[in-house]
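This report refers to the structure that appears directly beneath it.
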Amino acid sequence: MITLGIESTAHTLGIGVVRDKRVLSNIHDIYRAPPAEGILPRKAADHHANVFAEILERNLEKAGIELNEVDLIAFAQGPGIGAPLRAGVVMAKYLAKRLGKKIIGVNHCYAHAKISEYLTGIKSPLYVYVSGGNSQLLIEEKQGFHVLGETLDVGIGNLFDAFARNIKLEHAHGAAVAKLAEEGKYIELPYSVKGMNLVFSGLLTQASKLAKDQSKKDVAYSLMETAFSMTCEVAERALLLTRRKGVVLCGGVAQNRRLQEMLRKMCTEDNVEFGVAPDEFNRDNGAMIAFAGELLFRKNGCKAVEEWEAVQDYRIDMKI
Ligand code: FE2
């Protein structure tokens, strides 16, 4: 079975081809927002429409297949930013209608979790899902995914992006903050954990304020250390409560080596497995949507083209 996956929930237009769980291609293109602006939804959607044909072509070439060999079109149904999310849905529906193929919508967070579980080989883990808009502790049970804890305000990735914009970094995103943090020293910042939930806004406000008259390197380092320590604390609490035997770190922020190191150390101390997929599958990508689409199709089948629609606030624990 060959599945073509389309990811368009935010600034990435990702397409991937998966054949029976094996990734054949995974090529993307990113809309680069002007510094200090963040994502402009309409422009991200225009970008996705403009590059779609080329990215599709490159994927088919890499996968070594013709478009008509695809059995199933999978698309990211949400959560996401309205305009780019809908651009992907439109393109998926067009392909399904034009080619007479089956079509399935996939929750973006579910796709991150399931491909990471598969690639790390850790069964029934506690998922630490960290990205721009999300920070969640997840487990999967027979009835579906449960959110054990999550951010009560911004996602951890958006915390770093907002800090980067506030201190006017040239590249306003988390990777730039991580680079800046490399040689920093620790200074104390607000630490806010509520049970298994996280609160980041006080941390952002204080870090942005201190960065005006203290070393930006030190503040960036301390911001990351504090946010990651908070994440480890809630993860460890969830791990002990659920008695899961492994932790899978996934989502865009899972690419951060310091967070990987901290969670790996925690898992070693708690005598459980730790796993994280290669960066390619933690950034937004089409292959994870194809992979999850294939899983869901085999489990539930699919609906007609007209019955699918984008769900902007699609939580992983929602039944739709
Ligand atoms: Fe993502």
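Residues are referred to by chain and number: the chain letter is A, B, ... according to the order shown in the structure tokens, the number counts from 1 in that chain, and ligands are numbered separately from 1 in the order shown.
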For this session: For ligand 1, list the contacting residues at 7 Å or closer, counting only C-alpha atoms and all ligand atoms, as a list of chain:residue names.
Result: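 Using only C-alpha atoms and all ligand atoms, I find these residues within 7 Å of ligand 1: A:His108, A:Cys109, A:His112, A:Ser131, A:Gly251, A:Gly252, A:Asn282, A:Arg283, A:Asp284.
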Problem set entry | Within 12 Å of A:Leu198 using only C-alpha atoms, minus same-chain residues under 6 positions, as a list in words | Val130, Asn134, Ser135, Gln136, Leu137, Leu148, Gly149, Glu150, Thr151, Leu152, Asp153, Val154, Gly155, Ile156, Leu159, Pro190, Tyr191, Ser192, Thr226, Ala227, Phe228, Ser229, Met230, Thr231, Cys232, Glu233, Val234 and Ala235 of chain A
Seminar exercise, completed: Residue with the minimum atom-to-atom distance to A:Phe281, picked from A:Tyr118, A:Tyr221, A:Phe163, A:Tyr127 with only C-alpha atoms counted, is A:Tyr118
Exercise. Where in stretch 15-257 of chain A does DSSP assign strand (DSSP E), given as JSON, numbers by chain?
Worked result: {"A": [15, 16, 17, 18, 19, 22, 23, 24, 25, 26, 27, 28, 29, 30, 72, 73, 74, 75, 76, 77, 78, 102, 103, 104, 105, 106, 107, 126, 127, 128, 129, 130, 135, 136, 137, 138, 139, 140, 141, 144, 145, 146, 147, 148, 149, 150, 193, 194, 197, 198, 246, 247, 248, 249, 250]}
Exercise. Can you tell me, as a PyMOL selection string, what residues are no more than 7 Å from stretch 7-13 of chain A when counting only C-alpha atoms, ignoring any on the same chain fewer than 2 positions away?
Worked result: chain A and resi 5+15+28-31+39+44+48+75-76+78-81+84-85+88+284-286+289
For this session: Choose the residue, out of A:Glu57, A:Val272, A:Arg19, A:Val305, that has the smallest atom-to-atom separation from A:Gly100; count only C-alpha atoms.
Result: A:Val305
For this session: Have a look at A:Asn68, A:Ser208, A:Asn271, A:Asn107 and name the one nearest to A:Asp317; count only C-alpha atoms.
Result: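 For A:Asp317, the nearest of the candidates is A:Asn107.
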Problem set entry | A:Met1, A:Ala92, A:Ile122, A:Ala175 ranked by distance to A:Ala254, top pick (using only C-alpha atoms) |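 Comparing A:Met1, A:Ala92, A:Ile122, A:Ala175 against A:Ala254, the winner is A:Ala175.
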Problem set entry | Residues flagged helix (DSSP H, G or I) by DSSP in stretch 30-212 of chain A, as a ChimeraX atom specification | /A:41-63,67-69,82-99,108-120,156-166,174-181,201-210
Selection from above, C-alpha atoms, as a CSV table (one decimal), in the first residue's frame, can you write it?
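The result, stored in out_10.csv:
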```csv
chain,number,residue,atom,x,y,z
A,41,PRO,CA,-1.1,32.9,7.8
A,42,ARG,CA,-2.1,34.1,4.4
A,43,LYS,CA,1.5,34.3,3.2
A,44,ALA,CA,2.2,30.8,4.5
A,45,ALA,CA,-0.8,29.5,2.6
A,46,ASP,CA,0.4,31.3,-0.6
A,47,HIS,CA,3.9,29.7,-0.1
A,48,HIS,CA,2.4,26.2,0.2
A,49,ALA,CA,0.3,26.7,-2.9
A,50,ASN,CA,3.3,28.0,-4.9
A,51,VAL,CA,5.7,25.2,-4.0
A,52,PHE,CA,3.2,22.3,-3.9
A,53,ALA,CA,3.7,21.1,-7.5
A,54,GLU,CA,7.5,21.1,-7.2
A,55,ILE,CA,7.7,19.4,-3.8
A,56,LEU,CA,5.2,16.8,-5.0
A,57,GLU,CA,7.3,16.1,-8.1
A,58,ARG,CA,10.5,15.8,-6.1
A,59,ASN,CA,8.9,13.4,-3.7
A,60,LEU,CA,7.6,11.2,-6.5
A,61,GLU,CA,11.0,11.2,-8.1
A,62,LYS,CA,12.7,10.3,-4.8
A,63,ALA,CA,10.2,7.6,-4.0
A,67,LEU,CA,1.3,9.6,-8.9
A,68,ASN,CA,-1.3,7.1,-10.1
A,69,GLU,CA,0.4,4.4,-8.1
A,82,GLY,CA,-6.3,28.3,9.5
A,83,ALA,CA,-5.0,29.5,6.1
A,84,PRO,CA,-2.0,27.2,5.5
A,85,LEU,CA,-3.9,24.2,7.1
A,86,ARG,CA,-6.8,24.7,4.6
A,87,ALA,CA,-4.4,25.1,1.7
A,88,GLY,CA,-3.1,21.5,2.4
A,89,VAL,CA,-6.6,20.2,2.7
A,90,VAL,CA,-7.7,21.7,-0.6
A,91,MET,CA,-4.6,20.2,-2.4
A,92,ALA,CA,-5.3,16.8,-0.8
A,93,LYS,CA,-8.9,16.8,-1.8
A,94,TYR,CA,-8.0,17.9,-5.4
A,95,LEU,CA,-5.6,15.0,-5.7
A,96,ALA,CA,-8.0,12.5,-4.3
A,97,LYS,CA,-10.8,13.6,-6.6
A,98,ARG,CA,-8.6,14.0,-9.7
A,99,LEU,CA,-7.0,10.6,-9.3
A,108,HIS,CA,-0.7,16.3,13.4
A,109,CYS,CA,0.3,15.4,17.0
A,110,TYR,CA,-0.8,11.8,16.6
A,111,ALA,CA,1.4,11.6,13.5
A,112,HIS,CA,4.5,12.9,15.5
A,113,ALA,CA,3.8,10.4,18.3
A,114,LYS,CA,3.2,7.3,16.1
A,115,ILE,CA,6.1,7.7,13.8
A,116,SER,CA,8.4,8.3,16.8
A,117,GLU,CA,7.1,5.3,18.6
A,118,TYR,CA,7.7,3.2,15.5
A,119,LEU,CA,11.2,4.5,14.7
A,120,THR,CA,12.4,4.3,18.3
A,156,ILE,CA,7.5,25.6,24.7
A,157,GLY,CA,8.6,26.3,21.0
A,158,ASN,CA,6.5,29.5,21.0
A,159,LEU,CA,8.1,30.5,24.3
A,160,PHE,CA,11.6,30.4,22.6
A,161,ASP,CA,10.3,32.1,19.4
A,162,ALA,CA,8.6,34.9,21.4
A,163,PHE,CA,11.8,35.4,23.5
A,164,ALA,CA,13.9,35.6,20.2
A,165,ARG,CA,11.5,38.2,18.8
A,166,ASN,CA,11.4,40.2,22.1
A,174,GLY,CA,14.2,28.4,18.9
A,175,ALA,CA,17.3,27.3,17.2
A,176,ALA,CA,18.7,30.8,17.3
A,177,VAL,CA,18.0,30.9,21.1
A,178,ALA,CA,19.8,27.5,21.5
A,179,LYS,CA,22.8,28.9,19.7
A,180,LEU,CA,22.9,32.0,21.8
A,181,ALA,CA,22.6,29.9,25.0
A,201,SER,CA,4.3,33.1,30.4
A,202,GLY,CA,5.9,34.4,33.7
A,203,LEU,CA,9.2,32.9,32.5
A,204,LEU,CA,9.0,34.7,29.2
A,205,THR,CA,8.1,38.0,30.7
A,206,GLN,CA,11.0,37.9,33.2
A,207,ALA,CA,13.5,36.6,30.7
A,208,SER,CA,12.6,39.3,28.2
A,209,LYS,CA,12.9,41.9,30.9
A,210,LEU,CA,16.3,40.7,32.2
```
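Between A:Lys102 and the residues A:Arg257, A:Arg315, A:Lys303, A:Arg244, the shortest atom-to-atom distance, using only C-alpha atoms, involves A:Lys303.
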